[in-house]
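Structure below is work_36.txt: compact mmCIF, N, CA and C atoms.
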```
# COMPACT_ATOMS: atom_id res chain seq x y z
N MET A 275 19.70 -13.74 63.08
CA MET A 275 19.20 -15.10 63.10
C MET A 275 20.33 -16.03 62.66
N GLY A 276 20.54 -17.12 63.40
CA GLY A 276 21.59 -18.08 63.06
C GLY A 276 21.28 -18.80 61.76
N SER A 277 22.30 -19.36 61.13
CA SER A 277 22.13 -19.98 59.82
C SER A 277 21.19 -21.19 59.88
N GLN A 278 21.19 -21.93 60.97
CA GLN A 278 20.29 -23.08 61.09
C GLN A 278 18.84 -22.63 61.21
N LYS A 279 18.60 -21.56 61.98
CA LYS A 279 17.24 -21.03 62.11
C LYS A 279 16.77 -20.48 60.76
N TYR A 280 17.67 -19.79 60.07
CA TYR A 280 17.34 -19.22 58.76
C TYR A 280 16.97 -20.33 57.79
N ALA A 281 17.77 -21.39 57.76
CA ALA A 281 17.51 -22.52 56.86
C ALA A 281 16.18 -23.18 57.19
N LYS A 282 15.91 -23.35 58.48
CA LYS A 282 14.66 -23.99 58.91
C LYS A 282 13.45 -23.13 58.53
N LYS A 283 13.57 -21.82 58.74
CA LYS A 283 12.50 -20.89 58.40
C LYS A 283 12.23 -20.93 56.89
N ASN A 284 13.30 -20.84 56.09
CA ASN A 284 13.15 -20.85 54.64
C ASN A 284 12.57 -22.18 54.15
N ASN A 285 12.98 -23.27 54.77
CA ASN A 285 12.48 -24.58 54.40
C ASN A 285 10.96 -24.63 54.57
N GLY A 286 10.48 -24.08 55.67
CA GLY A 286 9.04 -24.03 55.93
C GLY A 286 8.29 -23.19 54.90
N LEU A 287 8.98 -22.23 54.30
CA LEU A 287 8.36 -21.35 53.31
C LEU A 287 8.56 -21.83 51.87
N GLY A 288 9.29 -22.94 51.70
CA GLY A 288 9.57 -23.44 50.35
C GLY A 288 10.64 -22.65 49.64
N LEU A 289 11.57 -22.08 50.43
CA LEU A 289 12.65 -21.27 49.87
C LEU A 289 13.99 -21.96 50.09
N CYS A 290 14.98 -21.50 49.34
CA CYS A 290 16.35 -22.01 49.46
C CYS A 290 16.85 -21.83 50.88
N ARG A 291 17.64 -22.77 51.36
CA ARG A 291 18.17 -22.66 52.71
C ARG A 291 19.22 -21.55 52.85
N ASN A 292 19.80 -21.10 51.70
CA ASN A 292 20.85 -20.09 51.75
C ASN A 292 20.41 -18.69 51.33
N CYS A 293 19.28 -18.59 50.65
CA CYS A 293 18.83 -17.29 50.16
C CYS A 293 17.30 -17.31 50.00
N PRO A 294 16.70 -16.18 49.77
CA PRO A 294 15.22 -16.15 49.69
C PRO A 294 14.66 -16.51 48.32
N LYS A 295 15.37 -17.28 47.51
CA LYS A 295 14.88 -17.69 46.19
C LYS A 295 14.07 -18.98 46.30
N PRO A 296 13.14 -19.20 45.35
CA PRO A 296 12.35 -20.44 45.38
C PRO A 296 13.24 -21.67 45.10
N LEU A 297 12.78 -22.81 45.58
CA LEU A 297 13.53 -24.06 45.40
C LEU A 297 13.58 -24.45 43.93
N ALA A 298 14.68 -25.08 43.55
CA ALA A 298 14.81 -25.62 42.20
C ALA A 298 13.90 -26.83 42.06
N ASN A 299 13.44 -27.09 40.84
CA ASN A 299 12.61 -28.27 40.61
C ASN A 299 13.38 -29.52 41.03
N GLY A 300 12.76 -30.34 41.86
CA GLY A 300 13.37 -31.58 42.30
C GLY A 300 14.28 -31.44 43.51
N SER A 301 14.49 -30.22 43.99
CA SER A 301 15.35 -30.01 45.15
C SER A 301 14.50 -29.70 46.37
N LYS A 302 14.92 -30.21 47.51
CA LYS A 302 14.19 -29.95 48.75
C LYS A 302 14.84 -28.84 49.59
N ILE A 303 16.08 -28.43 49.20
CA ILE A 303 16.76 -27.45 50.05
C ILE A 303 17.42 -26.30 49.30
N TYR A 304 17.64 -26.39 47.99
CA TYR A 304 18.40 -25.36 47.29
C TYR A 304 17.66 -24.75 46.10
N CYS A 305 17.97 -23.47 45.82
CA CYS A 305 17.55 -22.83 44.57
C CYS A 305 18.50 -23.33 43.46
N ASN A 306 18.23 -22.96 42.23
CA ASN A 306 19.08 -23.41 41.11
C ASN A 306 20.55 -23.06 41.32
N SER A 307 20.81 -21.84 41.74
CA SER A 307 22.19 -21.38 41.90
C SER A 307 22.94 -22.18 42.97
N HIS A 308 22.34 -22.31 44.14
CA HIS A 308 23.01 -23.03 45.23
C HIS A 308 23.05 -24.54 44.97
N ARG A 309 22.07 -25.04 44.25
CA ARG A 309 22.09 -26.46 43.91
C ARG A 309 23.30 -26.78 43.03
N GLU A 310 23.57 -25.93 42.04
CA GLU A 310 24.72 -26.15 41.16
C GLU A 310 26.03 -26.01 41.93
N LYS A 311 26.11 -25.05 42.83
CA LYS A 311 27.32 -24.89 43.65
C LYS A 311 27.55 -26.14 44.50
N ASP A 312 26.48 -26.69 45.07
CA ASP A 312 26.60 -27.90 45.89
C ASP A 312 27.05 -29.09 45.04
N ARG A 313 26.52 -29.19 43.84
CA ARG A 313 26.94 -30.27 42.93
C ARG A 313 28.42 -30.15 42.59
N GLN A 314 28.85 -28.93 42.27
CA GLN A 314 30.27 -28.71 41.93
C GLN A 314 31.17 -29.03 43.11
N ARG A 315 30.76 -28.64 44.31
CA ARG A 315 31.54 -28.95 45.52
C ARG A 315 31.66 -30.47 45.67
N GLY A 316 30.57 -31.20 45.43
CA GLY A 316 30.60 -32.66 45.51
C GLY A 316 31.52 -33.27 44.47
N ARG A 317 31.48 -32.75 43.24
CA ARG A 317 32.36 -33.26 42.18
C ARG A 317 33.82 -33.05 42.54
N ASN A 318 34.14 -31.88 43.06
CA ASN A 318 35.52 -31.58 43.44
C ASN A 318 35.99 -32.50 44.56
N LYS A 319 35.11 -32.77 45.51
CA LYS A 319 35.46 -33.68 46.61
C LYS A 319 35.73 -35.08 46.07
N GLU A 320 34.89 -35.56 45.16
CA GLU A 320 35.08 -36.89 44.57
C GLU A 320 36.40 -36.96 43.78
N LYS A 321 36.74 -35.89 43.08
CA LYS A 321 38.01 -35.88 42.34
C LYS A 321 39.19 -35.98 43.30
N ARG A 322 39.13 -35.23 44.40
CA ARG A 322 40.23 -35.29 45.38
C ARG A 322 40.34 -36.68 45.99
N LEU A 323 39.21 -37.28 46.33
CA LEU A 323 39.23 -38.62 46.92
C LEU A 323 39.74 -39.65 45.92
N GLY A 324 39.33 -39.52 44.67
CA GLY A 324 39.80 -40.43 43.62
C GLY A 324 41.29 -40.32 43.40
N PHE A 325 41.80 -39.09 43.38
CA PHE A 325 43.23 -38.89 43.19
C PHE A 325 44.01 -39.45 44.38
N SER A 326 43.48 -39.27 45.57
CA SER A 326 44.12 -39.81 46.77
C SER A 326 44.19 -41.34 46.72
N LEU A 327 43.10 -41.98 46.31
CA LEU A 327 43.09 -43.44 46.18
C LEU A 327 44.10 -43.90 45.13
N LYS A 328 44.17 -43.18 44.01
CA LYS A 328 45.11 -43.51 42.95
C LYS A 328 46.54 -43.43 43.49
N GLN A 329 46.84 -42.37 44.23
CA GLN A 329 48.19 -42.20 44.80
C GLN A 329 48.53 -43.35 45.75
N GLU A 330 47.57 -43.75 46.59
CA GLU A 330 47.80 -44.85 47.52
C GLU A 330 48.11 -46.15 46.77
N CYS A 331 47.35 -46.43 45.72
CA CYS A 331 47.59 -47.64 44.93
C CYS A 331 48.97 -47.59 44.28
N PHE A 332 49.31 -46.44 43.71
CA PHE A 332 50.60 -46.32 43.05
C PHE A 332 51.75 -46.41 44.04
N GLU A 333 51.57 -45.89 45.25
CA GLU A 333 52.59 -46.03 46.29
C GLU A 333 52.84 -47.52 46.56
N TYR A 334 51.77 -48.28 46.66
CA TYR A 334 51.91 -49.70 46.97
C TYR A 334 52.57 -50.46 45.82
N TYR A 335 52.14 -50.20 44.59
CA TYR A 335 52.61 -50.99 43.45
C TYR A 335 53.88 -50.44 42.79
N GLY A 336 54.43 -49.34 43.29
CA GLY A 336 55.76 -48.95 42.83
C GLY A 336 55.96 -47.59 42.19
N LYS A 337 54.93 -46.78 41.96
CA LYS A 337 55.04 -45.39 41.52
C LYS A 337 55.63 -45.16 40.14
N LYS A 338 55.87 -46.21 39.34
CA LYS A 338 56.39 -46.00 37.99
C LYS A 338 56.00 -47.18 37.11
N CYS A 339 56.05 -46.96 35.80
CA CYS A 339 55.73 -48.01 34.85
C CYS A 339 56.73 -49.15 35.01
N SER A 340 56.22 -50.34 35.19
CA SER A 340 57.10 -51.50 35.40
C SER A 340 57.79 -51.93 34.10
N CYS A 341 57.42 -51.32 32.97
CA CYS A 341 58.06 -51.66 31.70
C CYS A 341 59.12 -50.62 31.31
N CYS A 342 58.69 -49.36 31.18
CA CYS A 342 59.60 -48.33 30.67
C CYS A 342 60.12 -47.38 31.74
N GLY A 343 59.54 -47.41 32.95
CA GLY A 343 60.02 -46.56 34.03
C GLY A 343 59.37 -45.18 34.09
N GLU A 344 58.37 -44.90 33.27
CA GLU A 344 57.67 -43.61 33.29
C GLU A 344 57.16 -43.33 34.70
N LYS A 345 57.36 -42.07 35.19
CA LYS A 345 56.99 -41.72 36.56
C LYS A 345 55.89 -40.67 36.65
N ILE A 346 55.48 -40.06 35.54
CA ILE A 346 54.46 -39.02 35.58
C ILE A 346 53.11 -39.68 35.83
N THR A 347 52.52 -39.38 36.99
CA THR A 347 51.30 -40.04 37.45
C THR A 347 50.16 -39.97 36.43
N ASP A 348 50.03 -38.85 35.75
CA ASP A 348 48.93 -38.71 34.79
C ASP A 348 49.02 -39.70 33.64
N PHE A 349 50.20 -40.27 33.40
CA PHE A 349 50.38 -41.24 32.31
C PHE A 349 50.22 -42.68 32.77
N LEU A 350 50.09 -42.90 34.08
CA LEU A 350 50.14 -44.26 34.63
C LEU A 350 48.75 -44.84 34.87
N THR A 351 48.69 -46.16 34.86
CA THR A 351 47.46 -46.89 35.12
C THR A 351 47.78 -48.24 35.76
N ILE A 352 46.77 -48.83 36.38
CA ILE A 352 46.92 -50.17 36.96
C ILE A 352 46.66 -51.19 35.86
N ASP A 353 47.48 -52.23 35.82
CA ASP A 353 47.35 -53.28 34.80
C ASP A 353 47.21 -54.63 35.47
N HIS A 354 46.34 -55.46 34.93
CA HIS A 354 46.24 -56.86 35.36
C HIS A 354 47.41 -57.59 34.70
N LYS A 355 48.33 -58.13 35.48
CA LYS A 355 49.53 -58.77 34.93
C LYS A 355 49.21 -59.88 33.94
N ASN A 356 48.19 -60.65 34.21
CA ASN A 356 47.87 -61.79 33.35
C ASN A 356 46.79 -61.47 32.32
N GLY A 357 46.54 -60.19 32.09
CA GLY A 357 45.50 -59.80 31.14
C GLY A 357 44.11 -60.04 31.71
N GLN A 358 43.10 -60.03 30.86
CA GLN A 358 41.72 -60.30 31.24
C GLN A 358 41.13 -59.27 32.22
N GLY A 359 41.69 -58.07 32.24
CA GLY A 359 41.18 -57.03 33.14
C GLY A 359 39.74 -56.68 32.84
N ASN A 360 39.37 -56.66 31.57
CA ASN A 360 38.01 -56.36 31.17
C ASN A 360 37.02 -57.34 31.81
N ILE A 361 37.34 -58.62 31.72
CA ILE A 361 36.47 -59.66 32.29
C ILE A 361 36.40 -59.51 33.81
N HIS A 362 37.54 -59.26 34.43
CA HIS A 362 37.58 -59.11 35.88
C HIS A 362 36.74 -57.93 36.35
N ARG A 363 36.89 -56.77 35.67
CA ARG A 363 36.12 -55.58 36.06
C ARG A 363 34.62 -55.80 35.86
N LYS A 364 34.23 -56.46 34.79
CA LYS A 364 32.80 -56.74 34.56
C LYS A 364 32.25 -57.65 35.66
N ARG A 365 33.05 -58.62 36.08
CA ARG A 365 32.63 -59.52 37.15
C ARG A 365 32.49 -58.76 38.48
N LEU A 366 33.43 -57.85 38.76
CA LEU A 366 33.39 -57.09 40.01
C LEU A 366 32.28 -56.05 40.05
N PHE A 367 32.15 -55.29 38.97
CA PHE A 367 31.31 -54.10 38.98
C PHE A 367 30.07 -54.22 38.09
N LYS A 368 29.85 -55.36 37.47
CA LYS A 368 28.72 -55.63 36.59
C LYS A 368 28.81 -54.92 35.24
N TYR A 369 29.79 -54.09 35.06
CA TYR A 369 30.05 -53.44 33.78
C TYR A 369 31.52 -53.06 33.77
N ASN A 370 32.05 -52.77 32.60
CA ASN A 370 33.49 -52.49 32.48
C ASN A 370 33.78 -51.07 32.92
N VAL A 371 34.27 -50.93 34.12
CA VAL A 371 34.61 -49.62 34.65
C VAL A 371 35.93 -49.77 35.41
N GLY A 372 36.71 -48.75 35.40
CA GLY A 372 37.99 -48.81 36.09
C GLY A 372 38.15 -47.59 36.99
N GLY A 373 39.32 -47.00 36.95
CA GLY A 373 39.57 -45.78 37.70
C GLY A 373 39.34 -45.93 39.18
N VAL A 374 38.60 -44.99 39.74
CA VAL A 374 38.41 -44.93 41.19
C VAL A 374 37.74 -46.20 41.71
N HIS A 375 36.88 -46.85 40.92
CA HIS A 375 36.25 -48.09 41.36
C HIS A 375 37.32 -49.17 41.57
N MET A 376 38.25 -49.26 40.65
CA MET A 376 39.30 -50.27 40.74
C MET A 376 40.27 -49.93 41.88
N TYR A 377 40.62 -48.66 42.02
CA TYR A 377 41.52 -48.26 43.10
C TYR A 377 40.90 -48.58 44.46
N ARG A 378 39.61 -48.30 44.59
CA ARG A 378 38.92 -48.59 45.85
C ARG A 378 38.90 -50.10 46.11
N TRP A 379 38.64 -50.90 45.06
CA TRP A 379 38.62 -52.35 45.21
C TRP A 379 39.99 -52.87 45.64
N LEU A 380 41.05 -52.37 45.00
CA LEU A 380 42.40 -52.79 45.36
C LEU A 380 42.70 -52.49 46.83
N LYS A 381 42.36 -51.29 47.28
CA LYS A 381 42.62 -50.90 48.66
C LYS A 381 41.81 -51.78 49.62
N ASN A 382 40.52 -51.97 49.33
CA ASN A 382 39.66 -52.78 50.20
C ASN A 382 40.08 -54.24 50.26
N ASN A 383 40.81 -54.69 49.25
CA ASN A 383 41.29 -56.08 49.21
C ASN A 383 42.77 -56.18 49.52
N ASN A 384 43.30 -55.19 50.22
CA ASN A 384 44.68 -55.17 50.70
C ASN A 384 45.71 -55.33 49.58
N TYR A 385 45.47 -54.66 48.47
CA TYR A 385 46.41 -54.61 47.35
C TYR A 385 46.91 -56.01 46.97
N PRO A 386 46.04 -56.81 46.38
CA PRO A 386 46.41 -58.20 46.04
C PRO A 386 47.50 -58.26 44.96
N ASN A 387 48.14 -59.41 44.88
CA ASN A 387 49.12 -59.66 43.82
C ASN A 387 48.39 -59.77 42.49
N GLY A 388 49.14 -59.70 41.41
CA GLY A 388 48.55 -59.85 40.10
C GLY A 388 48.31 -58.53 39.38
N TYR A 389 48.77 -57.44 39.98
CA TYR A 389 48.60 -56.11 39.40
C TYR A 389 49.94 -55.41 39.35
N THR A 390 50.08 -54.53 38.39
CA THR A 390 51.30 -53.74 38.28
C THR A 390 50.92 -52.37 37.70
N ILE A 391 51.86 -51.48 37.67
CA ILE A 391 51.65 -50.17 37.08
C ILE A 391 52.30 -50.16 35.70
N LEU A 392 51.53 -49.70 34.72
CA LEU A 392 52.07 -49.48 33.38
C LEU A 392 51.67 -48.08 32.94
N CYS A 393 52.50 -47.47 32.08
CA CYS A 393 52.07 -46.22 31.46
C CYS A 393 51.04 -46.60 30.40
N MET A 394 50.29 -45.63 29.94
CA MET A 394 49.24 -45.93 28.97
C MET A 394 49.82 -46.49 27.66
N ASN A 395 51.00 -46.01 27.25
CA ASN A 395 51.61 -46.55 26.03
C ASN A 395 51.91 -48.04 26.17
N CYS A 396 52.57 -48.40 27.26
CA CYS A 396 52.92 -49.81 27.46
C CYS A 396 51.66 -50.66 27.65
N ASN A 397 50.66 -50.10 28.34
CA ASN A 397 49.42 -50.81 28.56
C ASN A 397 48.71 -51.11 27.24
N TRP A 398 48.60 -50.12 26.37
CA TRP A 398 47.94 -50.32 25.08
C TRP A 398 48.76 -51.25 24.19
N ALA A 399 50.07 -51.11 24.22
CA ALA A 399 50.91 -52.00 23.40
C ALA A 399 50.73 -53.45 23.85
N LYS A 400 50.69 -53.68 25.14
CA LYS A 400 50.48 -55.02 25.69
C LYS A 400 49.10 -55.52 25.31
N ARG A 401 48.10 -54.64 25.40
CA ARG A 401 46.72 -55.03 25.12
C ARG A 401 46.53 -55.44 23.65
N TYR A 402 47.09 -54.66 22.75
CA TYR A 402 46.84 -54.91 21.34
C TYR A 402 47.94 -55.70 20.62
N GLY A 403 49.14 -55.71 21.20
CA GLY A 403 50.21 -56.44 20.55
C GLY A 403 50.68 -57.65 21.32
N GLY A 404 50.18 -57.80 22.55
CA GLY A 404 50.56 -58.95 23.36
C GLY A 404 51.84 -58.73 24.15
N ILE A 405 52.70 -57.86 23.63
CA ILE A 405 53.96 -57.55 24.32
C ILE A 405 54.33 -56.11 23.97
N CYS A 406 54.89 -55.44 24.94
CA CYS A 406 55.28 -54.04 24.72
C CYS A 406 56.53 -53.97 23.84
N PRO A 407 56.57 -53.04 22.89
CA PRO A 407 57.76 -52.89 22.04
C PRO A 407 59.05 -52.63 22.83
N HIS A 408 58.94 -52.04 24.02
CA HIS A 408 60.14 -51.85 24.84
C HIS A 408 60.83 -53.19 25.10
N LYS A 409 60.05 -54.20 25.35
CA LYS A 409 60.62 -55.52 25.63
C LYS A 409 61.20 -56.16 24.36
N LEU A 410 60.57 -55.87 23.24
CA LEU A 410 61.06 -56.44 21.98
C LEU A 410 62.40 -55.86 21.56
N ILE A 411 62.60 -54.56 21.81
CA ILE A 411 63.84 -53.92 21.38
C ILE A 411 64.84 -53.78 22.53
N GLY A 412 64.48 -54.28 23.71
CA GLY A 412 65.42 -54.29 24.83
C GLY A 412 65.61 -52.95 25.51
N GLU A 413 64.64 -52.04 25.43
CA GLU A 413 64.75 -50.74 26.09
C GLU A 413 64.04 -50.72 27.42
N VAL A 414 64.16 -51.74 28.20
CA VAL A 414 63.47 -51.81 29.47
C VAL A 414 64.29 -51.10 30.54
N ALA A 415 63.60 -50.32 31.36
CA ALA A 415 64.28 -49.55 32.42
C ALA A 415 64.82 -50.45 33.50
```
So that I can check it, write out the structure of this file as structure tokens.
Amino acid sequence: MGSQKYAKKNNGLGLCRNCPKPLANGSKIYCNSHREKDRQRGRNKEKRLGFSLKQECFEYYGKKCSCCGEKITDFLTIDHKNGQGNIHRKRLFKYNVGGVHMYRWLKNNNYPNGYTILCMNCNWAKRYGGICPHKLIGEVA
């Protein structure tokens, strides 16, 4: 029996589409085991898409910290050049969220001006001190 016929038959019997186990509570097609596997597959796909969006944004904005020159992607983030990123994100997304939401917004808006890449150290120094210590001591890349 083909997999589509098997899934259709099991669906009619209230069984998992992949095996003869009963459906998980709240699921219309999977048992507990297959439901969790499907969720994990979805999470992994979202992570890959998020990382891809991040890479695209970083390609556009320069691939390194505009203050100290850090190039390790895991340390980098998008920064609002004129500050007020918190207010901007709340206005865009109704709550303060960044990451993949911001990368998607940047891409959909053709990578507007007013953004740069900073490493997390420079970003936090700018946020809490107003200016990064690299600029104060002249260690700019």
What's around Cys305 (chain A) at 8 Å? Count only N, CA and C atoms, leave out sequence neighbours fewer than 4 positions away in its own chain, and write the answer as a list in words.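 My reading of the contact set: Leu289, Cys290, Arg291, Asn292, Cys293, Pro294, Lys295, Pro296, Leu297, Ala298, Asn299, Ser301, Arg309, Glu310 and Lys311 of chain A.
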From the options A:Ile303, A:Met376, A:Ile405, A:Ala281, which residue's atoms come nearest to Asn356 (chain A), counting only C-alpha atoms? A:Ile405
Mind listing as a list in words all residues within 7 Å of (41.7, -43.4, 43.3), counting all atoms listed in the file?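 The answer, in the requested form, is Leu323, Gly324, Phe325, Ser326, Leu327, Lys328, Gln329, Glu330, Cys331, Gly373, Val374, His375, Met376, Tyr377 and Arg378 of chain A.
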If DSSP is run on the backbone, what residues of chain A are helix (DSSP H, G or I)? A reply as JSON, numbers by chain would be ideal. {"A": [277, 278, 279, 280, 281, 282, 283, 284, 285, 286, 287, 306, 307, 308, 309, 310, 311, 312, 313, 314, 315, 316, 317, 318, 319, 320, 321, 322, 323, 324, 325, 326, 327, 328, 329, 330, 331, 332, 333, 334, 335, 347, 348, 349, 359, 360, 361, 362, 363, 364, 365, 366, 367, 374, 375, 376, 377, 378, 379, 380, 381, 382, 394, 395, 396, 397, 398, 399, 400, 401, 402, 403, 407, 408, 409, 410, 411]}
Would you work out the distance separating atom N of Ile352 (chain A) from atom N of Leu392 (chain A), expressed in Å to one decimal?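 Rounded to one decimal, the two atoms are 5.1 Å apart.
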Strand (DSSP E) per DSSP on the backbone: members of chain A, as a ChimeraX atom specification: /A:350-354,389-393
Please report the interatomic distance between CA of Phe367 (chain A) and CA of His354 (chain A) in Å with one decimal.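 CA of Phe367 (chain A) sits 15.6 Å away from CA of His354 (chain A).
Atom N of Lys355 (chain A) sits 9.5 Å away from atom N of Asn387 (chain A).
Considering the residues A:Glu320, A:Phe332, A:His362, A:Lys400 and counting only C-alpha atoms, Leu350 (chain A) has its shortest atom-to-atom contact with A:Phe332.
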Of the listed residues A:Lys283, A:Trp379, A:Gly357, A:Gly300, that which approaches Gly404 (chain A) most closely, counting only C-alpha atoms: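 Answer, going by the shortest atom-to-atom distance: A:Gly357.
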Nearest to Tyr385 (chain A), chosen from A:Tyr280, A:Tyr304, A:Trp398, A:Tyr335, with all atoms listed in the file counted in the distances: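 Using all atoms listed in the file, Tyr385 (chain A) sits closest to A:Tyr335.
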Using only N, CA and C atoms: which of A:Asp312, A:Lys321, A:Phe349, A:Gln358 has the shortest distance to Asn395 (chain A):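 Under the stated criterion, the closest residue is A:Phe349.
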